[in-house]
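Visitor: Take a look at this one; I'll ask things after.
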Amino acid sequence: MESSVMAALSALMHWLALPEVGLSAVFLVAFVSATLLPLGSEPAVFALVKAQPDLFWPAVLVATLGNTLGGAVTWWMGHAAHQAAVRLHWAAADEDALTTVQPNLPAQHGKAGAQAMAWLHRHGAPACLLSWLPVVGDPLCAVAGWLHLPFWPCVAYMALGKLARYVTMTAALIWVF
């Protein structure tokens with residue numbers, strides 16, 4: 001049983017390494033890694049480019065597209081979470097109160113959370129340039145959605161930041177290795 005699982009895993013890895021599938025695999029890994037799942041996409045981009053150097057720009061652009069779309073999904077998750085929180089907050093309140101004022105729910109996250117929210121609100125969509133950062137980048141996209149920052153400008157800034165990251169990281173890894 002264990003050998004059949006290992007054989008299937010090996011066959012899957014071989015299939016994903018094929019040039020015809022390589023860009024699809026890079027897109028999928030980049031998309032998933034831009035959600036709140038802890039997964040890095042740089043190794044997939046580097047592996048494909050190392051195996052086929054002529055795919056540098058296609059791999060970087062496909063990874064940027066996948067990662068940006070994943071960031072957009074995360075933005076919508078933050079937006080939807082805010083909407084759900086507002087509904088839950090007002091569930092016990094008067095029907096009229098829902099139309100007059102919205103709760104300041106982020107204040108529940110302590111001083112550091114409130115400062116982070118205030119910083120993001122102050123800088124707006126350009127703060128999404130930092131969506132490429134490890135650990136804080138994906139939650140940044142979700143918080144941008146929570147704060148109802150404008151979707152398309154956020155996506156544009158996400159794309160710029162992520163493109164710069166993939167170009168820099170992939171070029172640096174190729175230069176080093």
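Identifiers in the structure tokens: chain A, B, ... in order shown; residue index from 1 per chain; ligand index from 1 in order shown.
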Need to verify the contact set: A:Ala171, 10 Å, only C-alpha atoms, exclusion of same-chain residues closer than 3 positions in sequence. Can you return it as a ChimeraX atom specification?
Guide: /A:46,49,56,60,165-168,174-177
Visitor: Can you write out the residues you just picked, keeping C-alpha atoms, as a PDB file, in the first residue's frame?
Guide:
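Everything below was put into again.pdb:
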ATOM      1  CA  PHE A  46      12.445  28.541  -9.515  1.00  0.00           C
ATOM      2  CA  VAL A  49      12.844  28.236 -14.630  1.00  0.00           C
ATOM      3  CA  PHE A  56      11.664  32.826 -17.049  1.00  0.00           C
ATOM      4  CA  VAL A  60       7.097  34.921 -13.579  1.00  0.00           C
ATOM      5  CA  ARG A 165       8.867  39.827  -5.838  1.00  0.00           C
ATOM      6  CA  TYR A 166       8.823  37.068  -8.474  1.00  0.00           C
ATOM      7  CA  VAL A 167      11.293  38.866 -10.750  1.00  0.00           C
ATOM      8  CA  THR A 168      13.661  39.601  -7.859  1.00  0.00           C
ATOM      9  CA  ILE A 174      19.055  31.559 -10.507  1.00  0.00           C
ATOM     10  CA  TRP A 175      22.099  33.744  -9.911  1.00  0.00           C
ATOM     11  CA  VAL A 176      22.919  31.972  -6.619  1.00  0.00           C
ATOM     12  CA  PHE A 177      22.202  28.433  -7.809  1.00  0.00           C
TER      13      PHE A 177
END
Visitor: Restricting the calculation to only C-alpha atoms, which member of A:Met169, A:Ala34, A:Leu88, A:Val45 is positioned closest to A:Ser131?
Guide: A:Ala34
Visitor: Compare A:Gly161, A:Gly113, A:Pro126, A:Gly145 by their minimum atom-to-atom distance to A:Trp75, counting only C-alpha atoms, and give me the closest one.
Guide: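 Ranking A:Gly161, A:Gly113, A:Pro126, A:Gly145 by distance to A:Trp75, first place goes to A:Gly145.
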Visitor: Taking only C-alpha atoms into account, which of A:Ala59, A:Ala51, A:Val5, A:Ala85 comes nearest A:Leu23?
Guide: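 Nearest candidate to A:Leu23 out of A:Ala59, A:Ala51, A:Val5, A:Ala85: A:Ala59.
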Visitor: Mind pulling up the distance from atom CA of A:Thr64 to atom CA of A:Phe151?
Guide: 17.3 Å
Visitor: Using only C-alpha atoms, which residues sit within 9 Å of A:Tyr157 once same-chain residues fewer than 3 positions away are excluded, as a list in words?
Guide: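 Using only C-alpha atoms, the neighbours found are Ala125, Pro126, Ala127, Cys128, Leu129, Leu130, Ser131, Trp152, Pro153, Cys154, Leu160, Gly161 and Lys162 of chain A.
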Visitor: I need the residues from that last selection saved to file as a short mmCIF file (atom, residue, chain, number, x, y, z; two decimals), in the first residue's frame (with N, CA, C and O atoms), if you can.
Guide:
data_model
loop_
_atom_site.label_atom_id
_atom_site.label_comp_id
_atom_site.auth_asym_id
_atom_site.auth_seq_id
_atom_site.Cartn_x
_atom_site.Cartn_y
_atom_site.Cartn_z
N ALA A 125 -5.26 51.67 -0.62
CA ALA A 125 -4.89 50.63 -1.59
C ALA A 125 -3.39 50.51 -1.84
O ALA A 125 -2.89 49.39 -2.01
N PRO A 126 -2.60 51.59 -1.85
CA PRO A 126 -1.14 51.43 -2.08
C PRO A 126 -0.47 50.52 -1.05
O PRO A 126 0.59 49.94 -1.33
N ALA A 127 -1.07 50.35 0.11
CA ALA A 127 -0.49 49.43 1.10
C ALA A 127 -0.47 48.00 0.58
O ALA A 127 0.34 47.19 1.04
N CYS A 128 -1.32 47.70 -0.39
CA CYS A 128 -1.35 46.34 -0.95
C CYS A 128 -0.10 46.02 -1.76
O CYS A 128 0.09 44.87 -2.16
N LEU A 129 0.76 47.02 -2.01
CA LEU A 129 2.08 46.73 -2.60
C LEU A 129 2.84 45.74 -1.72
O LEU A 129 3.67 44.98 -2.19
N LEU A 130 2.56 45.78 -0.42
CA LEU A 130 3.25 44.91 0.54
C LEU A 130 2.63 43.52 0.65
O LEU A 130 3.03 42.73 1.49
N SER A 131 1.68 43.22 -0.21
CA SER A 131 1.02 41.91 -0.15
C SER A 131 1.97 40.76 -0.47
O SER A 131 1.66 39.61 -0.21
N TRP A 152 -10.33 47.21 -7.25
CA TRP A 152 -9.42 47.22 -8.40
C TRP A 152 -8.09 47.91 -8.12
O TRP A 152 -7.04 47.39 -8.53
N PRO A 153 -8.08 49.04 -7.41
CA PRO A 153 -6.77 49.60 -7.06
C PRO A 153 -5.96 48.65 -6.16
O PRO A 153 -4.74 48.53 -6.33
N CYS A 154 -6.63 47.98 -5.23
CA CYS A 154 -5.92 47.00 -4.38
C CYS A 154 -5.31 45.90 -5.23
O CYS A 154 -4.15 45.51 -5.05
N LEU A 160 1.54 44.61 -8.81
CA LEU A 160 2.86 45.25 -8.91
C LEU A 160 3.84 44.69 -7.88
O LEU A 160 4.99 44.38 -8.20
N GLY A 161 3.39 44.57 -6.64
CA GLY A 161 4.25 44.04 -5.59
C GLY A 161 4.65 42.59 -5.84
O GLY A 161 5.80 42.21 -5.66
N LYS A 162 3.68 41.81 -6.28
CA LYS A 162 3.96 40.38 -6.51
C LYS A 162 4.87 40.19 -7.73
O LYS A 162 5.76 39.34 -7.71
#
Visitor: Using only C-alpha atoms, which of A:Pro58, A:Gly124, A:Gly40, A:Gly66 sits nearest A:Pro150?
Guide: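 Between A:Pro58, A:Gly124, A:Gly40, A:Gly66, the residue approaching A:Pro150 most closely is A:Gly124.
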Visitor: As a VMD selection string, please: the residues near A:His121 (cut-off 10 Å, only C-alpha atoms, same-chain neighbours under 2 positions excluded).
Guide: chain A and resid 115 to 119 123 to 125 127 143 to 144 147 to 149
Visitor: So which bits of stretch 120-171 of chain A end up helix (DSSP H, G or I) when you DSSP the backbone, as a PyMOL selection string?
Guide: chain A and resi 120-123+125-132+137-146+151-171
Visitor: Write out as an NGL selection string which residues come within 10 Å of A:Trp76 when counting only C-alpha atoms, dropping same-chain ones fewer than 2 positions away.
Guide: :A and (70-74 or 78-82 or 141-146 or 148 or 151)
Visitor: Would you work out the distance separating atom CA of A:Val136 from atom CA of A:Leu55, expressed in Å to one decimal?
Guide: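 Atom-to-atom, atom CA of A:Val136 and atom CA of A:Leu55 are spaced 29.1 Å apart.
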Visitor: So how far away is atom CA of A:Val155 from atom CA of A:Leu61, in Å?
Guide: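 Calculated distance between atom CA of A:Leu61 and atom CA of A:Val155 is 15.0 Å.
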